[in-house]
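**Student:** Take a look at query.cif, mmCIF, C-alpha atoms:
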```
data_upload
loop_
_atom_site.label_atom_id
_atom_site.label_comp_id
_atom_site.auth_asym_id
_atom_site.auth_seq_id
_atom_site.Cartn_x
_atom_site.Cartn_y
_atom_site.Cartn_z
CA MET T 21 0.00 0.00 0.00
CA ARG T 22 2.84 2.37 0.87
CA LEU T 23 4.55 1.66 -2.44
CA ILE T 24 1.33 2.45 -4.32
CA ILE T 25 0.88 5.72 -2.41
CA ASN T 26 4.52 6.59 -3.03
CA LYS T 27 4.15 6.03 -6.78
CA ILE T 28 0.95 8.09 -6.89
CA ILE T 29 2.62 11.00 -5.06
CA LEU T 30 5.68 10.71 -7.32
CA ILE T 31 3.52 10.81 -10.44
CA LEU T 32 1.49 13.78 -9.18
CA SER T 33 4.66 15.67 -8.21
CA THR T 34 6.20 15.00 -11.62
CA LEU T 35 3.04 16.17 -13.42
CA ALA T 36 2.93 19.33 -11.30
CA ALA T 37 6.59 20.07 -12.10
CA ILE T 38 6.01 19.51 -15.81
CA LEU T 39 2.91 21.74 -15.75
CA GLY T 40 4.88 24.52 -14.03
CA LEU T 41 7.70 24.23 -16.58
CA VAL T 42 5.21 24.34 -19.46
CA PHE T 43 3.77 27.64 -18.25
CA LEU T 44 7.26 29.00 -17.55
CA PHE T 45 8.53 28.22 -21.04
CA TRP T 46 5.28 29.51 -22.51
CA ILE T 47 5.83 32.86 -20.82
CA LEU T 48 9.51 33.02 -21.78
CA ILE T 49 8.88 32.05 -25.41
CA THR T 50 6.06 34.59 -25.78
CA LEU T 51 8.18 37.28 -24.14
CA THR T 52 11.16 36.46 -26.36
CA ILE T 53 9.18 36.45 -29.59
CA LYS T 54 7.30 39.70 -28.93
CA GLY T 55 10.02 41.45 -26.94
CA PHE T 56 13.05 40.66 -29.08
CA ALA T 57 11.22 41.80 -32.22
CA SER T 58 10.73 45.23 -30.61
CA VAL T 59 14.30 45.68 -29.36
CA ASN T 60 16.50 47.99 -31.40
CA LEU T 61 19.23 50.56 -30.87
CA TYR T 62 16.75 53.45 -30.96
CA ILE T 63 15.04 52.54 -27.68
CA PHE T 64 18.38 52.61 -25.85
CA THR T 65 19.30 56.09 -27.11
CA HIS T 66 15.97 57.90 -26.62
CA ASP T 67 13.70 58.62 -23.68
CA LEU T 68 10.10 57.51 -23.19
CA ILE T 69 8.77 60.84 -24.51
CA ASP T 70 10.41 59.89 -27.82
CA ASN T 71 9.30 56.23 -27.63
CA GLY T 72 12.54 55.01 -26.08
CA LEU T 73 13.64 53.34 -22.83
CA ARG T 74 16.83 55.22 -21.97
CA ASN T 75 15.48 57.32 -19.09
CA LEU T 76 13.53 54.34 -17.75
CA LEU T 77 16.56 52.05 -17.65
CA ILE T 78 18.74 54.70 -16.00
CA GLY T 79 16.00 55.59 -13.51
CA GLN T 80 15.38 51.95 -12.59
CA PHE T 81 19.06 51.34 -11.88
CA ILE T 82 19.38 54.55 -9.85
CA LEU T 83 16.46 53.49 -7.65
CA ALA T 84 17.94 49.99 -7.27
CA PHE T 85 21.42 51.40 -6.51
CA ILE T 86 20.08 53.64 -3.75
CA ALA T 87 18.11 50.68 -2.39
CA VAL T 88 21.36 48.68 -2.27
CA LEU T 89 23.04 51.50 -0.34
CA ILE T 90 20.19 51.34 2.18
CA GLY T 91 19.53 47.62 2.41
CA VAL T 92 22.99 46.06 2.20
CA PRO T 93 24.81 47.88 5.06
CA LEU T 94 21.83 47.70 7.43
CA GLY T 95 21.12 44.08 6.51
CA MET T 96 24.72 42.94 6.92
CA ILE T 97 25.11 44.72 10.26
CA ALA T 98 21.89 43.10 11.49
CA GLY T 99 23.02 39.68 10.22
CA ILE T 100 26.40 40.04 11.92
CA TYR T 101 24.69 40.98 15.19
CA LEU T 102 22.35 37.99 15.02
CA GLN T 103 25.13 35.50 14.40
CA GLU T 104 28.05 36.95 16.34
CA TYR T 105 26.69 39.07 19.20
CA SER T 106 23.13 38.00 20.05
CA PHE T 107 23.94 34.52 21.41
CA ASN T 108 20.48 33.45 20.20
CA ASN T 109 18.59 35.47 22.81
CA LYS T 110 14.87 36.27 22.60
CA PHE T 111 15.51 39.52 20.78
CA ALA T 112 17.49 37.68 18.08
CA THR T 113 14.66 35.18 17.69
CA PHE T 114 12.20 38.05 17.31
CA ILE T 115 14.39 39.71 14.64
CA ARG T 116 14.71 36.44 12.70
CA ASN T 117 10.96 35.87 12.80
CA LEU T 118 10.30 39.45 11.77
CA SER T 119 12.75 39.11 8.89
CA ASP T 120 10.97 35.97 7.69
CA VAL T 121 7.61 37.74 7.85
CA MET T 122 8.97 40.72 5.89
CA MET T 123 10.39 38.42 3.21
CA SER T 124 6.94 36.95 2.61
CA ALA T 125 5.05 40.25 2.88
CA PRO T 126 3.42 41.40 -0.40
CA SER T 127 5.43 44.16 -2.04
CA ILE T 128 2.32 46.31 -2.44
CA VAL T 129 1.97 46.41 1.36
CA ILE T 130 5.49 47.82 1.66
CA GLY T 131 4.68 50.35 -1.07
CA THR T 132 1.55 51.43 0.78
CA PHE T 133 3.50 51.83 4.02
CA VAL T 134 6.14 54.02 2.37
CA TYR T 135 3.40 56.00 0.65
CA ALA T 136 1.84 56.76 4.04
CA ILE T 137 5.09 58.03 5.57
CA MET T 138 6.94 59.59 2.62
CA VAL T 139 4.45 60.48 -0.12
CA ASN T 140 1.21 61.46 1.58
CA PRO T 141 2.82 64.00 3.98
CA ILE T 142 4.69 65.66 1.08
CA GLY T 143 1.74 65.60 -1.28
CA HIS T 144 3.40 64.12 -4.39
CA LEU T 145 5.28 61.07 -5.62
CA ASN T 146 9.08 61.14 -5.39
CA GLY T 147 12.07 58.98 -6.23
CA TRP T 148 13.36 58.82 -2.66
CA ALA T 149 10.20 57.04 -1.55
CA GLY T 150 10.60 54.47 -4.33
CA ALA T 151 14.23 53.79 -3.43
CA ILE T 152 13.40 53.39 0.26
CA ALA T 153 10.54 51.01 -0.57
CA LEU T 154 12.94 48.83 -2.58
CA GLY T 155 15.53 49.08 0.20
CA ILE T 156 12.98 47.83 2.75
CA MET T 157 12.19 44.90 0.45
CA MET T 158 15.88 44.07 0.14
CA LEU T 159 16.66 44.38 3.86
CA PRO T 160 15.20 41.09 5.18
CA ILE T 161 16.81 39.09 2.36
CA VAL T 162 20.23 40.51 3.20
CA VAL T 163 19.68 39.94 6.93
CA ARG T 164 18.71 36.31 6.42
CA THR T 165 21.49 35.61 3.92
CA THR T 166 24.20 37.16 6.10
CA ASP T 167 22.92 35.36 9.20
CA ASP T 168 22.79 31.97 7.48
CA MET T 169 26.13 32.27 5.69
CA LEU T 170 28.00 33.36 8.80
CA GLY T 171 26.40 30.48 10.66
CA LEU T 172 28.02 28.05 8.21
CA VAL T 173 31.54 29.24 9.04
CA PRO T 174 33.26 26.67 11.32
CA LYS T 175 33.69 27.72 14.94
CA GLU T 176 37.34 26.70 14.73
CA LEU T 177 38.05 29.79 12.59
CA ARG T 178 36.61 32.02 15.30
CA GLU T 179 38.61 30.25 17.96
CA ALA T 180 41.78 30.53 15.88
CA GLY T 181 41.32 34.28 15.52
CA VAL T 182 40.75 34.72 19.24
CA ALA T 183 43.74 32.48 20.00
CA ILE T 184 46.15 34.78 18.18
CA GLY T 185 44.84 37.73 20.18
CA ALA T 186 42.78 39.46 17.47
CA PRO T 187 39.85 41.65 18.63
CA LYS T 188 36.43 40.26 17.87
CA TYR T 189 35.63 42.85 15.21
CA LYS T 190 38.82 41.93 13.35
CA VAL T 191 38.00 38.24 13.59
CA ILE T 192 34.56 38.98 12.11
CA PHE T 193 35.70 41.22 9.25
CA ASN T 194 39.06 39.62 8.40
CA ILE T 195 38.25 35.95 8.92
CA ILE T 196 34.56 35.11 9.22
CA ILE T 197 33.16 37.40 6.53
CA LYS T 198 35.97 36.48 4.14
CA ALA T 199 35.16 32.81 4.65
CA ALA T 200 31.48 33.45 3.91
CA LYS T 201 31.91 36.10 1.21
CA VAL T 202 30.83 33.86 -1.69
CA GLY T 203 27.54 32.92 -0.07
CA ILE T 204 26.87 36.48 1.04
CA MET T 205 27.64 37.85 -2.42
CA THR T 206 25.30 35.31 -4.01
CA GLY T 207 22.54 36.35 -1.63
CA LEU T 208 23.12 40.02 -2.44
CA LEU T 209 22.87 39.32 -6.16
CA LEU T 210 19.61 37.44 -5.72
CA ALA T 211 18.25 40.24 -3.51
CA PHE T 212 19.16 42.77 -6.19
CA ALA T 213 17.47 40.63 -8.84
CA ARG T 214 14.35 40.60 -6.65
CA ILE T 215 14.02 44.37 -6.33
CA ILE T 216 15.08 45.34 -9.85
CA GLY T 217 11.88 43.86 -11.28
CA GLU T 218 9.41 45.16 -8.69
CA THR T 219 6.47 47.28 -9.83
CA ALA T 220 3.85 47.42 -7.08
CA PRO T 221 5.80 49.47 -4.48
CA LEU T 222 6.88 51.99 -7.12
CA LEU T 223 3.31 52.65 -8.26
CA PHE T 224 2.58 54.31 -4.91
CA THR T 225 5.97 55.92 -4.30
CA SER T 226 8.10 57.05 -7.26
CA GLY T 227 5.53 56.78 -10.04
CA ASN T 228 6.99 57.37 -13.49
CA SER T 229 8.30 60.21 -15.65
CA GLN T 230 8.49 60.35 -19.43
CA TYR T 231 11.55 62.61 -19.28
CA PHE T 232 15.14 62.07 -18.28
CA THR T 233 15.75 63.38 -14.78
CA LEU T 234 18.08 62.84 -11.86
CA ASN T 235 15.90 64.80 -9.44
CA LEU T 236 14.62 62.33 -6.87
CA ASN T 237 12.40 64.94 -5.22
CA HIS T 238 9.70 64.48 -7.87
CA GLU T 239 8.26 61.65 -9.94
CA PHE T 240 11.10 59.46 -11.17
CA PRO T 241 11.37 57.31 -14.31
CA SER T 242 10.93 53.61 -13.69
CA LEU T 243 11.04 50.81 -16.26
CA THR T 244 8.69 48.47 -14.39
CA VAL T 245 5.99 51.12 -13.87
CA ALA T 246 6.34 52.20 -17.51
CA ILE T 247 5.83 48.60 -18.67
CA TYR T 248 2.69 48.40 -16.54
CA ASN T 249 1.34 51.65 -18.00
CA LEU T 250 2.34 51.04 -21.63
CA ALA T 251 0.91 47.51 -21.70
CA THR T 252 -2.61 48.93 -21.27
CA MET T 253 -2.29 51.56 -24.00
CA PRO T 254 -4.47 51.28 -27.15
CA ASP T 255 -1.53 52.21 -29.39
CA LYS T 256 0.21 49.06 -30.68
CA HIS T 257 3.56 50.86 -30.91
CA LEU T 258 3.45 51.70 -27.20
CA VAL T 259 2.56 48.11 -26.37
CA ASP T 260 5.58 46.98 -28.41
CA ILE T 261 7.78 49.28 -26.33
CA ALA T 262 6.36 47.60 -23.21
CA TRP T 263 7.27 44.19 -24.64
CA ALA T 264 10.80 45.41 -25.39
CA GLY T 265 11.20 46.74 -21.83
CA ALA T 266 9.89 43.49 -20.35
CA PHE T 267 12.32 41.48 -22.48
CA VAL T 268 15.32 43.61 -21.47
CA LEU T 269 14.37 43.46 -17.80
CA THR T 270 13.82 39.70 -17.87
CA LEU T 271 17.14 39.16 -19.61
CA PHE T 272 18.96 41.24 -16.99
CA VAL T 273 17.31 39.40 -14.08
CA LEU T 274 18.14 36.07 -15.72
CA ILE T 275 21.79 37.06 -16.07
CA ILE T 276 21.98 38.05 -12.39
CA ASN T 277 20.44 34.74 -11.28
CA LEU T 278 22.78 32.74 -13.51
CA LEU T 279 25.74 34.72 -12.19
CA GLY T 280 24.74 33.89 -8.62
CA ARG T 281 24.45 30.20 -9.42
CA TYR T 282 27.79 30.27 -11.25
CA ILE T 283 29.52 31.79 -8.22
CA VAL T 284 28.11 29.05 -5.97
CA LYS T 285 29.11 26.34 -8.43
CA GLU T 286 32.66 27.65 -8.76
CA LYS T 287 32.98 27.82 -4.97
CA LYS T 288 31.90 24.22 -4.65
#
```
Translate this structure into structure tokens?
**Tutor:**
Amino acid sequence: MRLIINKIILILSTLAAILGLVFLFWILITLTIKGFASVNLYIFTHDLIDNGLRNLLIGQFILAFIAVLIGVPLGMIAGIYLQEYSFNNKFATFIRNLSDVMMSAPSIVIGTFVYAIMVNPIGHLNGWAGAIALGIMMLPIVVRTTDDMLGLVPKELREAGVAIGAPKYKVIFNIIIKAAKVGIMTGLLLAFARIIGETAPLLFTSGNSQYFTLNLNHEFPSLTVAIYNLATMPDKHLVDIAWAGAFVLTLFVLIINLLGRYIVKEKK
């Protein structure tokens, strides 16, 4: 009876995996066919106002870069505290649980929260709010990755550092983090890939601009929001631009994920 149940579960699991892969390849093939046909040099040299993507690409990366400056230092400091200084006390358990909850929280909830504290009081959308929303999304991923990767470092390395008389902070930065740098870097790349394709939090925070601008105090160009807006336009040419933007964004996220997996494979 157990063997029969095992075979049934195995068959159902295999069918579910195949079904998921079918939909995945269906999406990728459709995106490649429609997106690649719309990609040309013009869209990379002109802004959205001229039916290009230049300002959107630059704006998206600026928002993501600022989010990295916010999320990575805070997340790594929190991860170091949890693994090296907390000694698994109740506060550390609370932080870990909170980090797990934040990782699973819908991005639109984070966007609404940032809207309430950074957009509504000011009275208009702004790039800073969008960057902070992405930074908040990135923070729990960095915390969890740093915590887990430092936890995999053998205790003998810590003891060796202490044995030679090195202060704890030097042991952490010169020995432990160096030993875990590959895993941490992989986690950071995956966290960056997560936020670079987010749309929902930016709808309520940074919005979108058709013009090239570096002024984060007002609406800021965003590729993901532009794709969302252009995809609903009645003009076929604008929809084609949305397909091109989606293809470029998907390709970039795919490259980042493959790079992360390559780093892990090379380390092994």
**Student:** Considering only C-alpha atoms, state which residue in the set T:Pro221, T:Gly181, T:Pro187, T:Pro254 is at the smallest distance from Gly131 (chain T).
**Tutor:**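 For Gly131 (chain T), the nearest of the given residues is T:Pro221.
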**Student:** So what do you get for CA of Asn194 (chain T) versus CA of Arg164 (chain T), distance-wise?
**Tutor:** 20.7 Å
**Student:** Determine, using only C-alpha atoms, which residues of region 144-163 of chain T have any atom at most 12 Å from an atom of region 102-122 of chain T, and tabulate each with its shortest atom pair and distance in Å to one decimal place, rows ordered by chain and then rising number, as JSON lines.
**Tutor:**
```
{"residue": "T:Ile156", "atom": "CA", "partner": "T:Met122", "partner_atom": "CA", "distance": 8.7}
{"residue": "T:Met157", "atom": "CA", "partner": "T:Met122", "partner_atom": "CA", "distance": 7.6}
{"residue": "T:Met158", "atom": "CA", "partner": "T:Met122", "partner_atom": "CA", "distance": 9.6}
{"residue": "T:Leu159", "atom": "CA", "partner": "T:Ser119", "partner_atom": "CA", "distance": 8.3}
{"residue": "T:Pro160", "atom": "CA", "partner": "T:Ser119", "partner_atom": "CA", "distance": 4.9}
{"residue": "T:Ile161", "atom": "CA", "partner": "T:Ser119", "partner_atom": "CA", "distance": 7.7}
{"residue": "T:Val162", "atom": "CA", "partner": "T:Ser119", "partner_atom": "CA", "distance": 9.5}
{"residue": "T:Val163", "atom": "CA", "partner": "T:Ser119", "partner_atom": "CA", "distance": 7.2}
```
**Student:** Check the smallest atom-to-atom distance from each of T:Ala98, T:Leu236, T:Ile261, T:Val92 to Asp167 (chain T) using all atoms listed in the file, then report the winner.
**Tutor:** T:Ala98
**Student:** Distance CA of Leu170 (chain T)-CA of Gly203 (chain T), one decimal place?
**Tutor:**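 Separating CA of Leu170 (chain T) from CA of Gly203 (chain T) is a distance of 8.9 Å.
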**Student:** Just give me the gap between CA of Ala199 (chain T) and CA of Leu89 (chain T) in Å, one decimal is fine.
**Tutor:**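 If I compute the distance from CA of Ala199 (chain T) to CA of Leu89 (chain T), I get 22.8 Å.
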**Student:** Between T:Val245, T:Ile78, T:Leu279, T:Ile53, which has the minimum distance to Thr65 (chain T) (counting all atoms listed in the file)?
**Tutor:**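 Closest candidate: T:Ile78.
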**Student:** Could you name the residues that touch Tyr248 (chain T) at 12 Å or less, counting only C-alpha atoms, but leaving out those on the same chain fewer than 2 positions away, as number ranges by chain?
**Tutor:** T: 217-220, 222-223, 227-228, 242-246, 250-253, 258-259, 261-263, 265-266
**Student:** Name the closest residue to Pro93 (chain T) among the candidates T:Asn140, T:Ser33, T:Thr166, T:Ser127; distances are taken between atoms, counting only C-alpha atoms.
**Tutor:**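 Selected residue with least distance to Pro93 (chain T): T:Thr166.
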**Student:** Using the chain letters and numbering of this document, enumerate as JSON, numbers by chain the residues selected by the PyMOL selection byres ((chain T and resi 56) around 12).
**Tutor:** {"T": [48, 49, 50, 51, 52, 53, 54, 55, 57, 58, 59, 60, 61, 260, 261, 262, 263, 264, 265, 266, 267, 268, 269, 270, 271]}
**Student:** Run the PyMOL selection byres ((chain T and resi 67-69) around 9) against the file shown and list the residues it catches, as a ChimeraX atom specification.
**Tutor:** /T:63-66,70-76,229-232,241,246
**Student:** What's the 8 Å shell around Leu172 (chain T), counting all atoms listed in the file, without same-chain residues fewer than 3 positions away, as a list in words?
**Tutor:**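 Residues meeting the cut-off are Asp168, Met169 and Ala200 of chain T.
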**Student:** So, counting only C-alpha atoms, which residue among T:Leu234, T:Leu94, T:Ala213, T:Ala186 is closest to Asn146 (chain T)?
**Tutor:**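 Closest candidate: T:Leu234.
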**Student:** Please list, as a list in words, the residues that have an atom at most 8 Å away from (7.8, 50.0, 3.9) in the coordinates of this file, counting all atoms listed in the file.
**Tutor:**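 Protein, DNA and RNA residues close to (7.8, 50.0, 3.9): Val129, Ile130, Gly131, Thr132, Phe133, Val134, Ile152, Ala153, Ile156 and Met157 of chain T.
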